[in-house]
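A.B. asks: Could you have a look at this structure, given as structure tokens, before my questions?
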Amino acid sequence: MLCFEDFPVGRRFDFPSRVMTAEEIVAFATEFDPQPMHVDEAAGKASVLGGLAASGWHTCAVMMRMLCESYIDRTAGEGSPGVQSMEWKRPVLAGDTLSGHCRVVEARVSRSRPEIGIVRFVADVTNQRGETVAVCDYANMIRVKATEAAADAHG
């Protein structure tokens, strides 16, 4: 289990890759963001996006899955205090393969809750050409090792 001390500034976590299928794009958009360029290929091609494009929110959801698979699922996490910024840099089109990484840019122990560390990350999501499609600046709250050991002992 990764604890706060396992997240020094500069540490990097690589994301597994994921192909964005037309079916997945349409299914997500139909439920959550039914704009024409997300649900209809012809409308997507006619738009500035140039094809059937994933909703930015879909890209965020895929990024969240990548974060879970790269480190969150094995971390003594306590949630997130929020997202500083989320930028969609390029369209994500049907058939694109997303990957990328996140890196620790700041880490500190909470002043009000010293059993919790606050780790700030920047995530870069890229397509198969290495082009950045999304950038997210966010934080995770992660238990410090002494607290994790005490919780396991009293468990």
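Each chain of the structure tokens is named A, B, ... in the order shown, its residues numbered from 1; ligands are numbered from 1 in display order.
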Output as a tab-separated table one row per residue of segment 66-154 of chain A within 8 Å of segment 8-22 of chain A: the closest atom pair and its distance in Å to one decimal place, counting only C-alpha atoms, sorted by chain and residue number ascending.
C.D. replies:
```
residue	atom	partner	partner_atom	distance
A:Met66	CA	A:Phe15	CA	5.4
A:Leu67	CA	A:Phe15	CA	6.9
A:Glu69	CA	A:Pro16	CA	7.4
A:Ser70	CA	A:Phe15	CA	5.6
A:Tyr71	CA	A:Phe13	CA	7.0
A:Val92	CA	A:Met20	CA	7.9
A:Leu93	CA	A:Met20	CA	7.3
A:Ala94	CA	A:Ala22	CA	4.8
A:Gly95	CA	A:Met20	CA	5.4
A:Asp96	CA	A:Met20	CA	5.5
A:Thr97	CA	A:Val19	CA	4.2
A:Leu98	CA	A:Arg18	CA	5.2
A:Ser99	CA	A:Ser17	CA	4.4
A:Gly100	CA	A:Phe15	CA	5.2
A:His101	CA	A:Asp14	CA	4.2
A:Cys102	CA	A:Phe13	CA	5.4
A:Arg103	CA	A:Arg12	CA	4.3
A:Val104	CA	A:Val9	CA	4.9
A:Val105	CA	A:Val9	CA	5.2
A:Glu106	CA	A:Val9	CA	5.6
A:Ala107	CA	A:Val9	CA	6.5
```
A.B. asks: For the structure I just gave you, how does DSSP split chain A - specifically, which residues are strand (DSSP E)? Reply as a ChimeraX atom specification.
C.D. replies: /A:12-14,18-19,82-88,97-109,116-126,132-143
A.B. asks: Tell me, in Å to one decimal, how far atom CA of Asp33 of chain A is from atom CA of Pro91 of chain A.
C.D. replies: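 For atom CA of Asp33 of chain A relative to atom CA of Pro91 of chain A, the distance reads 14.8 Å.
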A.B. asks: Which one of A:Gly77, A:Pro114, A:Gly82, A:Gly44 sits closest to Met141 of chain A if you count only C-alpha atoms?
C.D. replies: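 Ranked by minimum distance to Met141 of chain A, first place goes to A:Gly77.
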A.B. asks: Give me every alpha helix (DSSP H) residue in chain A, going by DSSP on the backbone, as a VMD selection string.
C.D. replies: chain A and resid 22 to 32 36 to 39 41 to 46 56 to 70 145 to 154
A.B. asks: I want to know what sits within 7 Å of Ala54 of chain A, based on only C-alpha atoms, with residues of the same chain fewer than 2 positions away left out; could you give that as a list in words?
C.D. replies: Ile25, His38, Leu52, Gly56, His58, Thr59, Val92 and Leu93 of chain A
A.B. asks: For N, CA, C and O atoms, I'd like the residues from the last selection saved as a compact mmCIF listing (two decimals), in the first residue's frame.
C.D. replies:
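Saved file result29.txt follows:
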```txt
# COMPACT_ATOMS: atom_id res chain seq x y z
N ILE A 25 -17.79 6.02 -27.29
CA ILE A 25 -17.97 7.47 -27.36
C ILE A 25 -19.46 7.81 -27.45
O ILE A 25 -19.96 8.67 -26.71
N HIS A 38 -20.67 14.37 -30.61
CA HIS A 38 -20.34 13.23 -29.76
C HIS A 38 -21.22 12.01 -30.03
O HIS A 38 -20.90 10.90 -29.59
N LEU A 52 -16.04 11.94 -35.22
CA LEU A 52 -16.79 11.58 -34.02
C LEU A 52 -15.85 11.75 -32.83
O LEU A 52 -14.82 11.07 -32.73
N GLY A 56 -15.32 15.88 -23.64
CA GLY A 56 -14.22 16.14 -22.71
C GLY A 56 -14.44 15.43 -21.38
O GLY A 56 -13.49 14.97 -20.74
N HIS A 58 -15.92 12.58 -21.01
CA HIS A 58 -15.57 11.19 -21.24
C HIS A 58 -14.05 11.02 -21.11
O HIS A 58 -13.56 10.07 -20.48
N THR A 59 -13.30 11.94 -21.70
CA THR A 59 -11.85 11.91 -21.58
C THR A 59 -11.44 11.98 -20.11
O THR A 59 -10.54 11.25 -19.67
N VAL A 92 -10.41 14.13 -28.97
CA VAL A 92 -10.18 12.69 -28.90
C VAL A 92 -11.20 12.07 -29.84
O VAL A 92 -12.41 12.19 -29.62
N LEU A 93 -10.70 11.46 -30.91
CA LEU A 93 -11.57 10.91 -31.95
C LEU A 93 -11.69 9.40 -31.85
O LEU A 93 -10.81 8.73 -31.28
```
A.B. asks: Name the closest residue to Pro81 of chain A among the candidates A:Thr126, A:Ser47, A:Thr132, A:Ser110; distances are taken between atoms, counting only C-alpha atoms.
C.D. replies: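 Ranking A:Thr126, A:Ser47, A:Thr132, A:Ser110 by distance to Pro81 of chain A, first place goes to A:Ser110.
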A.B. asks: At a cut-off of 8 Å, using only C-alpha atoms, what residues contact Glu78 of chain A? Leave out same-chain residues fewer than 6 positions from it and give the result as a ChimeraX atom specification.
C.D. replies: /A:140-143
